[in-house]
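What follows is the content of structure.cif, which has mmCIF, C-alpha atoms and all ligand atoms:
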```
data_final
loop_
_atom_site.label_atom_id
_atom_site.label_comp_id
_atom_site.auth_asym_id
_atom_site.auth_seq_id
_atom_site.Cartn_x
_atom_site.Cartn_y
_atom_site.Cartn_z
CA MET A 405 10.50 27.21 12.34
CA SER A 406 9.12 29.71 14.80
CA PRO A 407 7.09 27.98 17.52
CA SER A 408 4.02 30.04 16.72
CA ALA A 409 3.94 29.09 13.02
CA THR A 410 0.79 27.35 11.83
CA MET A 411 -0.13 25.03 9.00
CA ARG A 412 -3.13 23.53 7.27
CA ALA A 413 -4.31 20.02 8.12
CA LEU A 414 -7.18 18.14 6.49
CA VAL A 415 -9.03 16.67 9.45
CA CYS A 416 -11.57 13.86 9.37
CA ALA A 417 -13.48 14.89 12.50
CA GLU A 418 -15.81 11.91 12.27
CA PRO A 419 -16.89 9.56 9.47
CA GLY A 420 -18.13 11.55 6.48
CA GLN A 421 -16.69 14.88 7.70
CA LEU A 422 -13.62 16.54 6.18
CA ALA A 423 -12.45 20.09 6.85
CA ILE A 424 -9.25 22.11 6.77
CA ALA A 425 -8.07 23.05 10.26
CA THR A 426 -5.26 25.35 11.33
CA ARG A 427 -2.74 23.62 13.54
CA ALA A 428 0.63 24.43 15.02
CA ILE A 429 3.57 23.19 12.97
CA PRO A 430 4.93 20.21 14.95
CA GLN A 431 8.20 20.66 16.82
CA ARG A 432 11.12 18.41 15.96
CA GLY A 433 12.89 16.32 18.63
CA PRO A 434 16.67 15.71 18.47
CA ASP A 435 16.45 12.48 16.39
CA GLU A 436 13.55 13.65 14.27
CA VAL A 437 13.14 15.24 10.86
CA LEU A 438 10.73 18.05 10.00
CA VAL A 439 9.40 17.62 6.48
CA ARG A 440 7.13 19.62 4.24
CA VAL A 441 4.55 17.27 2.71
CA ARG A 442 4.20 17.58 -1.08
CA ARG A 443 2.21 14.52 -2.25
CA VAL A 444 -0.25 12.24 -0.48
CA GLY A 445 -1.56 9.12 -2.18
CA ILE A 446 -5.16 8.27 -1.28
CA CYS A 447 -5.59 4.62 -0.43
CA GLY A 448 -8.36 2.12 0.33
CA THR A 449 -7.56 2.61 4.00
CA ASP A 450 -8.26 6.35 3.70
CA TYR A 451 -11.61 5.76 2.00
CA HIS A 452 -12.44 3.31 4.81
CA ILE A 453 -11.44 5.83 7.49
CA PHE A 454 -13.55 8.50 5.81
CA GLU A 455 -16.53 6.15 5.52
CA GLY A 456 -16.21 4.90 9.12
CA LYS A 457 -15.46 1.34 7.96
CA HIS A 458 -12.06 1.05 9.59
CA PRO A 459 -12.33 -1.43 12.49
CA PHE A 460 -10.35 0.45 15.18
CA LEU A 461 -9.90 4.10 14.51
CA ALA A 462 -10.04 7.08 16.82
CA TYR A 463 -11.43 10.33 15.36
CA PRO A 464 -10.57 13.10 14.72
CA ARG A 465 -7.82 11.85 12.44
CA VAL A 466 -5.53 13.45 9.85
CA MET A 467 -5.23 10.75 7.19
CA GLY A 468 -2.35 10.17 4.79
CA HIS A 469 0.35 7.49 4.87
CA GLU A 470 1.52 7.39 1.20
CA LEU A 471 3.78 10.39 1.32
CA ALA A 472 6.35 12.35 -0.59
CA ALA A 473 7.94 15.27 1.23
CA GLU A 474 10.86 17.68 1.28
CA VAL A 475 13.31 17.93 4.16
CA VAL A 476 13.00 21.17 6.16
CA GLU A 477 15.16 20.36 9.20
CA ALA A 478 17.19 17.23 9.90
CA PRO A 479 19.27 16.16 12.92
CA GLU A 480 22.88 17.28 13.15
CA GLY A 481 25.07 15.02 10.99
CA SER A 482 22.13 13.48 9.10
CA PRO A 483 22.81 12.52 5.46
CA LEU A 484 19.44 14.06 4.59
CA VAL A 485 19.81 17.34 2.74
CA VAL A 486 17.48 20.29 3.33
CA GLY A 487 15.15 20.62 0.34
CA GLU A 488 15.66 17.10 -0.99
CA ALA A 489 12.68 14.92 -1.93
CA VAL A 490 12.12 12.04 0.45
CA ILE A 491 10.07 8.87 0.76
CA ILE A 492 8.29 8.36 4.07
CA ASN A 493 8.07 4.95 5.71
CA PRO A 494 4.80 5.37 7.66
CA TYR A 495 5.28 2.35 9.95
CA LEU A 496 6.41 3.61 13.33
CA ALA A 497 7.89 0.60 15.12
CA CYS A 498 9.00 0.28 18.76
CA GLY A 499 12.39 -1.28 17.97
CA THR A 500 12.33 -3.60 21.00
CA CYS A 501 9.45 -6.09 20.64
CA ILE A 502 9.98 -9.62 19.34
CA ALA A 503 9.05 -8.71 15.76
CA CYS A 504 11.37 -5.68 15.77
CA ARG A 505 14.19 -7.75 17.30
CA LYS A 506 13.72 -10.32 14.54
CA GLY A 507 14.03 -7.69 11.82
CA SER A 508 10.31 -7.43 11.03
CA PRO A 509 9.27 -3.95 12.19
CA ASN A 510 6.35 -4.31 9.74
CA CYS A 511 4.82 -6.66 12.35
CA CYS A 512 5.83 -4.63 15.43
CA THR A 513 3.48 -5.61 18.24
CA ARG A 514 3.17 -1.91 19.13
CA ILE A 515 3.10 -0.59 15.56
CA ALA A 516 1.65 2.83 14.88
CA VAL A 517 0.84 3.61 11.26
CA LEU A 518 0.99 7.25 10.32
CA GLY A 519 -2.42 8.49 9.21
CA VAL A 520 -4.17 5.53 10.85
CA HIS A 521 -3.10 5.22 14.49
CA THR A 522 -1.48 8.67 14.61
CA ASP A 523 -2.06 11.82 12.56
CA GLY A 524 -0.65 11.51 9.05
CA GLY A 525 0.43 13.55 6.09
CA MET A 526 -2.64 15.39 4.85
CA ALA A 527 -1.05 18.50 6.33
CA ASP A 528 1.67 20.95 5.34
CA TYR A 529 4.30 19.65 7.78
CA LEU A 530 5.11 16.46 9.61
CA VAL A 531 7.73 15.36 12.14
CA LEU A 532 9.13 11.83 11.88
CA PRO A 533 11.92 9.71 13.37
CA GLU A 534 14.94 9.98 11.07
CA THR A 535 14.79 6.21 10.46
CA ASN A 536 11.40 6.65 8.77
CA VAL A 537 12.69 9.18 6.23
CA ILE A 538 14.34 7.74 3.11
CA SER A 539 16.21 9.82 0.53
CA GLY A 540 14.29 10.03 -2.75
CA ASN A 541 17.63 9.94 -4.55
CA GLY A 542 16.70 10.76 -8.15
CA LEU A 543 12.96 10.16 -7.86
CA ASN A 544 10.37 12.83 -8.48
CA LEU A 545 7.64 13.59 -5.93
CA ASP A 546 4.96 11.46 -7.64
CA GLN A 547 7.36 8.51 -7.65
CA CYS A 548 8.27 9.03 -3.99
CA ALA A 549 4.57 8.98 -3.05
CA ALA A 550 4.03 5.67 -4.88
CA VAL A 551 6.78 3.80 -3.03
CA GLU A 552 4.75 2.83 0.05
CA PHE A 553 1.78 1.23 -1.67
CA LEU A 554 3.99 -0.54 -4.22
CA ALA A 555 6.19 -1.79 -1.35
CA ILE A 556 3.20 -3.71 0.08
CA GLY A 557 3.14 -5.71 -3.16
CA ALA A 558 6.92 -6.02 -3.31
CA HIS A 559 6.89 -7.36 0.27
CA ALA A 560 4.24 -9.94 -0.64
CA VAL A 561 6.35 -11.06 -3.60
CA ARG A 562 9.38 -11.42 -1.34
CA ARG A 563 7.29 -13.35 1.20
CA GLY A 564 6.11 -15.62 -1.63
CA GLY A 565 9.67 -16.36 -2.75
CA VAL A 566 8.80 -15.60 -6.37
CA GLY A 567 11.48 -16.44 -8.92
CA PRO A 568 12.08 -17.06 -12.62
CA GLY A 569 9.79 -19.71 -14.09
CA ASP A 570 7.04 -19.26 -11.50
CA ARG A 571 3.50 -18.96 -12.75
CA ALA A 572 1.88 -16.36 -10.51
CA LEU A 573 -1.75 -15.38 -10.05
CA VAL A 574 -2.73 -12.08 -8.47
CA ILE A 575 -6.34 -11.86 -7.30
CA GLY A 576 -7.66 -8.30 -6.96
CA ALA A 577 -6.68 -5.73 -9.58
CA GLY A 578 -6.43 -2.72 -7.25
CA PRO A 579 -3.30 -0.75 -6.35
CA ILE A 580 -1.99 -3.47 -4.00
CA GLY A 581 -2.59 -6.18 -6.60
CA LEU A 582 -0.88 -3.92 -9.13
CA GLY A 583 2.25 -3.82 -6.94
CA ALA A 584 2.22 -7.58 -6.34
CA ALA A 585 1.76 -8.32 -10.04
CA LEU A 586 4.41 -5.86 -11.15
CA PHE A 587 7.06 -7.10 -8.71
CA ALA A 588 6.20 -10.75 -9.39
CA ARG A 589 6.89 -10.09 -13.07
CA LEU A 590 10.07 -8.13 -12.29
CA SER A 591 11.15 -11.16 -10.20
CA GLY A 592 10.87 -13.37 -13.29
CA ALA A 593 7.37 -14.85 -12.96
CA THR A 594 4.70 -14.89 -15.64
CA VAL A 595 1.68 -13.20 -14.11
CA HIS A 596 -2.06 -13.62 -14.51
CA LEU A 597 -4.55 -11.24 -12.94
CA LEU A 598 -7.97 -12.23 -11.64
CA ASP A 599 -10.76 -9.75 -10.85
CA ARG A 600 -14.49 -9.25 -11.30
CA ASP A 601 -14.07 -5.95 -13.13
CA ALA A 602 -13.13 -6.19 -16.83
CA GLU A 603 -12.06 -2.53 -17.00
CA ARG A 604 -9.62 -2.91 -14.11
CA LEU A 605 -8.27 -6.17 -15.54
CA ALA A 606 -7.54 -4.42 -18.85
CA SER A 607 -5.92 -1.31 -17.38
CA ILE A 608 -3.91 -2.97 -14.60
CA GLY A 609 -3.05 -5.91 -16.86
CA ALA A 610 -1.44 -3.53 -19.36
CA ILE A 611 0.47 -1.63 -16.66
CA VAL A 612 1.98 -4.74 -15.07
CA GLY A 613 2.63 -6.63 -18.31
CA ALA A 614 0.33 -9.51 -17.38
CA ALA A 615 0.50 -12.66 -19.51
CA GLY A 616 -3.28 -12.94 -19.20
CA THR A 617 -6.35 -11.89 -17.25
CA ILE A 618 -9.15 -13.99 -15.77
CA ARG A 619 -12.65 -12.81 -14.92
CA ALA A 620 -13.93 -13.91 -11.52
CA ASP A 621 -17.08 -15.64 -12.76
CA GLU A 622 -18.40 -19.17 -13.48
CA GLY A 623 -15.67 -19.73 -16.05
CA MET A 624 -12.88 -18.93 -13.58
CA ASP A 625 -11.78 -22.49 -12.73
CA ALA A 626 -11.63 -23.45 -16.41
CA ALA A 627 -9.62 -20.29 -17.16
CA VAL A 628 -7.15 -21.08 -14.36
CA ALA A 629 -6.76 -24.63 -15.70
CA ALA A 630 -6.27 -23.32 -19.25
CA ALA A 631 -3.59 -20.87 -18.11
CA THR A 632 -1.62 -23.53 -16.22
CA ASP A 633 -1.97 -26.80 -18.20
CA GLY A 634 -4.46 -27.89 -15.56
CA GLU A 635 -1.82 -27.64 -12.81
CA GLY A 636 -2.73 -24.44 -10.97
CA PHE A 637 -0.39 -21.57 -10.13
CA ASP A 638 2.95 -21.90 -8.34
CA VAL A 639 2.17 -18.84 -6.28
CA VAL A 640 -1.14 -17.07 -5.71
CA PHE A 641 -1.63 -13.66 -4.09
CA ASP A 642 -4.95 -12.48 -2.72
CA ALA A 643 -5.26 -8.71 -2.51
CA THR A 644 -9.04 -8.41 -2.46
CA GLY A 645 -9.91 -7.97 1.22
CA VAL A 646 -12.83 -10.33 0.59
CA GLY A 647 -13.05 -13.49 2.71
CA LYS A 648 -14.83 -15.55 0.05
CA SER A 649 -12.12 -14.68 -2.48
CA MET A 650 -9.39 -15.65 0.00
CA GLU A 651 -11.09 -19.02 0.56
CA LYS A 652 -11.51 -19.62 -3.18
CA ALA A 653 -7.84 -18.72 -3.76
CA PHE A 654 -6.76 -22.07 -2.24
CA ASP A 655 -8.29 -23.81 -5.30
CA HIS A 656 -6.00 -21.97 -7.71
CA VAL A 657 -2.72 -23.16 -6.11
CA ALA A 658 -0.68 -25.97 -7.72
CA ALA A 659 0.71 -28.94 -5.81
CA THR A 660 3.65 -27.67 -3.69
CA GLY A 661 2.51 -24.07 -4.35
CA ARG A 662 2.25 -21.02 -2.10
CA LEU A 663 -0.69 -18.84 -1.21
CA VAL A 664 0.12 -15.34 0.02
CA LEU A 665 -2.69 -13.49 1.77
CA VAL A 666 -1.88 -9.80 1.38
CA SER A 667 -5.22 -8.45 2.50
CA VAL A 668 -6.86 -9.07 5.84
CA VAL A 669 -10.47 -9.61 6.83
CA LYS A 670 -12.13 -9.37 10.23
CA ASP A 671 -13.70 -12.83 10.22
CA PRO A 672 -12.19 -16.32 10.17
CA ILE A 673 -11.59 -17.92 6.79
CA THR A 674 -11.74 -21.69 6.26
CA PHE A 675 -10.20 -24.11 3.78
CA SER A 676 -10.24 -27.80 2.99
CA ASP A 677 -7.47 -29.45 4.97
CA PRO A 678 -7.34 -32.56 2.70
CA ASP A 679 -6.81 -30.34 -0.38
CA PHE A 680 -4.24 -28.25 1.47
CA HIS A 681 -2.40 -31.33 2.75
CA ARG A 682 -2.52 -33.30 -0.51
CA ARG A 683 -0.81 -30.43 -2.32
CA GLU A 684 1.57 -29.70 0.55
CA MET A 685 0.74 -26.04 0.14
CA THR A 686 2.40 -23.18 1.98
CA LEU A 687 0.12 -20.50 3.38
CA ILE A 688 1.80 -17.15 3.97
CA ALA A 689 0.61 -13.87 5.51
CA SER A 690 2.10 -10.63 4.21
CA ARG A 691 1.75 -7.47 6.24
CA ASN A 692 2.91 -3.93 5.44
CA ALA A 693 6.51 -3.66 4.14
CA THR A 694 10.03 -3.11 5.41
CA ALA A 695 12.99 -0.93 4.44
CA VAL A 696 14.23 -3.64 2.05
CA ASP A 697 10.95 -3.46 0.14
CA PHE A 698 11.00 0.33 0.04
CA GLU A 699 14.50 0.18 -1.46
CA ARG A 700 13.47 -2.48 -3.99
CA VAL A 701 10.58 -0.29 -5.17
CA ALA A 702 12.69 2.89 -5.29
CA GLU A 703 15.24 1.04 -7.42
CA ALA A 704 12.51 -0.18 -9.81
CA LEU A 705 11.15 3.36 -10.11
CA ARG A 706 14.63 4.73 -10.81
CA SER A 707 15.19 2.12 -13.52
CA GLY A 708 11.96 3.18 -15.29
CA ALA A 709 10.28 -0.23 -14.71
CA VAL A 710 7.21 1.37 -13.13
CA PRO A 711 4.93 3.42 -15.45
CA ILE A 712 4.05 6.01 -12.83
CA ASP A 713 2.17 8.25 -15.30
CA GLN A 714 -0.32 5.45 -15.97
CA ILE A 715 -0.72 4.68 -12.27
CA VAL A 716 -1.51 8.22 -11.07
CA THR A 717 -4.90 8.74 -12.70
CA HIS A 718 -6.43 11.47 -10.48
CA ARG A 719 -5.14 14.59 -8.72
CA THR A 720 -6.49 17.12 -6.28
CA SER A 721 -5.35 19.75 -3.76
CA LEU A 722 -5.73 19.68 0.04
CA GLN A 723 -8.79 21.94 -0.32
CA GLY A 724 -10.08 19.98 -3.33
CA ALA A 725 -9.86 16.70 -1.42
CA ILE A 726 -12.82 17.80 0.75
CA ALA A 727 -15.09 17.23 -2.27
CA ASP A 728 -12.99 14.78 -4.29
CA LEU A 729 -12.16 12.17 -1.64
CA PRO A 730 -15.84 11.39 -0.81
CA ARG A 731 -16.62 11.15 -4.54
CA TRP A 732 -13.68 8.83 -5.26
CA ALA A 733 -14.70 6.64 -2.31
CA ARG A 734 -17.84 5.84 -4.36
CA GLU A 735 -16.78 6.26 -7.99
CA LYS A 736 -13.83 4.03 -8.79
CA SER A 737 -14.23 3.89 -12.58
CA GLY A 738 -10.91 4.75 -14.21
CA LEU A 739 -9.35 5.42 -10.80
CA ILE A 740 -6.11 3.66 -9.98
CA LYS A 741 -4.25 6.09 -7.70
CA ALA A 742 -5.30 9.59 -6.70
CA LEU A 743 -2.70 12.03 -5.35
CA VAL A 744 -3.20 15.11 -3.21
CA THR A 745 -0.67 17.79 -4.20
CA LEU A 746 0.40 20.35 -1.58
CA ASP A 747 2.09 23.53 -2.79
ZN ZN B 1 -2.10 2.82 1.50
ZN ZN B 2 8.27 -3.46 17.86
#
```
Whole structure, structure tokens version:
Amino acid sequence: MSPSATMRALVCAEPGQLAIATRAIPQRGPDEVLVRVRRVGICGTDYHIFEGKHPFLAYPRVMGHELAAEVVEAPEGSPLVVGEAVIINPYLACGTCIACRKGSPNCCTRIAVLGVHTDGGMADYLVLPETNVISGNGLNLDQCAAVEFLAIGAHAVRRGGVGPGDRALVIGAGPIGLGAALFARLSGATVHLLDRDAERLASIGAIVGAAGTIRADEGMDAAVAAATDGEGFDVVFDATGVGKSMEKAFDHVAATGRLVLVSVVKDPITFSDPDFHRREMTLIASRNATAVDFERVAEALRSGAVPIDQIVTHRTSLQGAIADLPRWAREKSGLIKALVTLD
């Protein structure tokens, strides 16, 4: 790469403003990899950044953390091969804090998420630490770009200790709920989905092989009882990002069951301590994902257990995203995952 070479970057200068800027191609340090970005999944976080709803975000920002790329330059002796498709782990961890030392870089106290805290992948090129670049090994670019968001669900399933015979409930039929439901089923659980939106329940339910779906309405408690012989679910995941839903989720957990909160809200949530205590419930937070989860998802994609063609419902280009991203932030009908393709 000549130092003067430039690239395109889609910059969110301030909420509601997207434009293509010309930037210098970043220079690679000795332990870093230069990649050419090929696919960028658009996520709830990106819509929030665009709409100015993200709680702590500095603008201007180049979004994009769900990435598939090709290796351009790798460090001397790296197993990465120039031209190969790679998965990007967008969680840049310090490696020395207590969470990192305990093997949980997903909770690094100094974490920087690509495309959130630092500029991300809605650009032609990106430089990353070698440890954040994972060989795609037999996956196509669409599959590589799906690994990160599916890994959030796979991590939640691992946190929830899901195993054969578990009856699992996933609340929130969005992309994160999709991942949690899919990996809960692949871990041997029977899975029910709960959401307000009948269309999403039908489409996501089919993709994940749900045993049943439950509408979030007045009949919800009766439906949960009917699905579980009146016992409640062994493990419940909330992936809604809605405090009221997270509070209600406690009611759906069986005695001795687990509740995994995948999404996060700004405000406190409350629950009935007597109900929690009587059932000796376990309450679990699940944040981001780790290398183990990325590998689990890549393996599932390789085995054909993930119907990627049904998950990627919308596509655009870097230029097209200027008009499409704002529209998709509002119009979610039929939208599961949108991908930006860079040529
Ligand atoms: Zn995401
Ligand atoms: Zn750390």
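Counting from CA of Leu414 in chain A, the distance to CA of Val517 in chain A is 17.3 Å.
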_Can you pull out every residue with an atom within 12 Å of ligand ZN 1 (chain B)? Use all atoms listed in the file and format it as a PyMOL selection string._
chain A and resi 444-453+467-471+493-495+517-520+524-525+549-557+578-580+583+667+691-693+741-743
Deliver the residues from the most recent selection as a file, using C-alpha atoms, as a compact mmCIF listing (two decimals), keeping the file's coordinate frame.
```
# COMPACT_ATOMS: atom_id res chain seq x y z
CA VAL A 444 -0.25 12.24 -0.48
CA GLY A 445 -1.56 9.12 -2.18
CA ILE A 446 -5.16 8.27 -1.28
CA CYS A 447 -5.59 4.62 -0.43
CA GLY A 448 -8.36 2.12 0.33
CA THR A 449 -7.56 2.61 4.00
CA ASP A 450 -8.26 6.35 3.70
CA TYR A 451 -11.61 5.76 2.00
CA HIS A 452 -12.44 3.31 4.81
CA ILE A 453 -11.44 5.83 7.49
CA MET A 467 -5.23 10.75 7.19
CA GLY A 468 -2.35 10.17 4.79
CA HIS A 469 0.35 7.49 4.87
CA GLU A 470 1.52 7.39 1.20
CA LEU A 471 3.78 10.39 1.32
CA ASN A 493 8.07 4.95 5.71
CA PRO A 494 4.80 5.37 7.66
CA TYR A 495 5.28 2.35 9.95
CA VAL A 517 0.84 3.61 11.26
CA LEU A 518 0.99 7.25 10.32
CA GLY A 519 -2.42 8.49 9.21
CA VAL A 520 -4.17 5.53 10.85
CA GLY A 524 -0.65 11.51 9.05
CA GLY A 525 0.43 13.55 6.09
CA ALA A 549 4.57 8.98 -3.05
CA ALA A 550 4.03 5.67 -4.88
CA VAL A 551 6.78 3.80 -3.03
CA GLU A 552 4.75 2.83 0.05
CA PHE A 553 1.78 1.23 -1.67
CA LEU A 554 3.99 -0.54 -4.22
CA ALA A 555 6.19 -1.79 -1.35
CA ILE A 556 3.20 -3.71 0.08
CA GLY A 557 3.14 -5.71 -3.16
CA GLY A 578 -6.43 -2.72 -7.25
CA PRO A 579 -3.30 -0.75 -6.35
CA ILE A 580 -1.99 -3.47 -4.00
CA GLY A 583 2.25 -3.82 -6.94
CA SER A 667 -5.22 -8.45 2.50
CA ARG A 691 1.75 -7.47 6.24
CA ASN A 692 2.91 -3.93 5.44
CA ALA A 693 6.51 -3.66 4.14
CA LYS A 741 -4.25 6.09 -7.70
CA ALA A 742 -5.30 9.59 -6.70
CA LEU A 743 -2.70 12.03 -5.35
```
*Nearest to ligand ZN 2 (chain B): which of A:Thr694, A:Ser539, A:Thr594, A:Asn510 is it, counting all atoms listed in the file?*
A:Asn510
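When all atoms listed in the file are used to compute distances to Ser737 in chain A, the closest of the residues A:Arg682, A:Arg440, A:Arg604, A:Arg700 turns out to be A:Arg604.
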*Residue among A:Leu484, A:Met650, A:Ile712, A:Leu687 lying closest to Ile538 in chain A, counting only C-alpha atoms*: A:Leu484
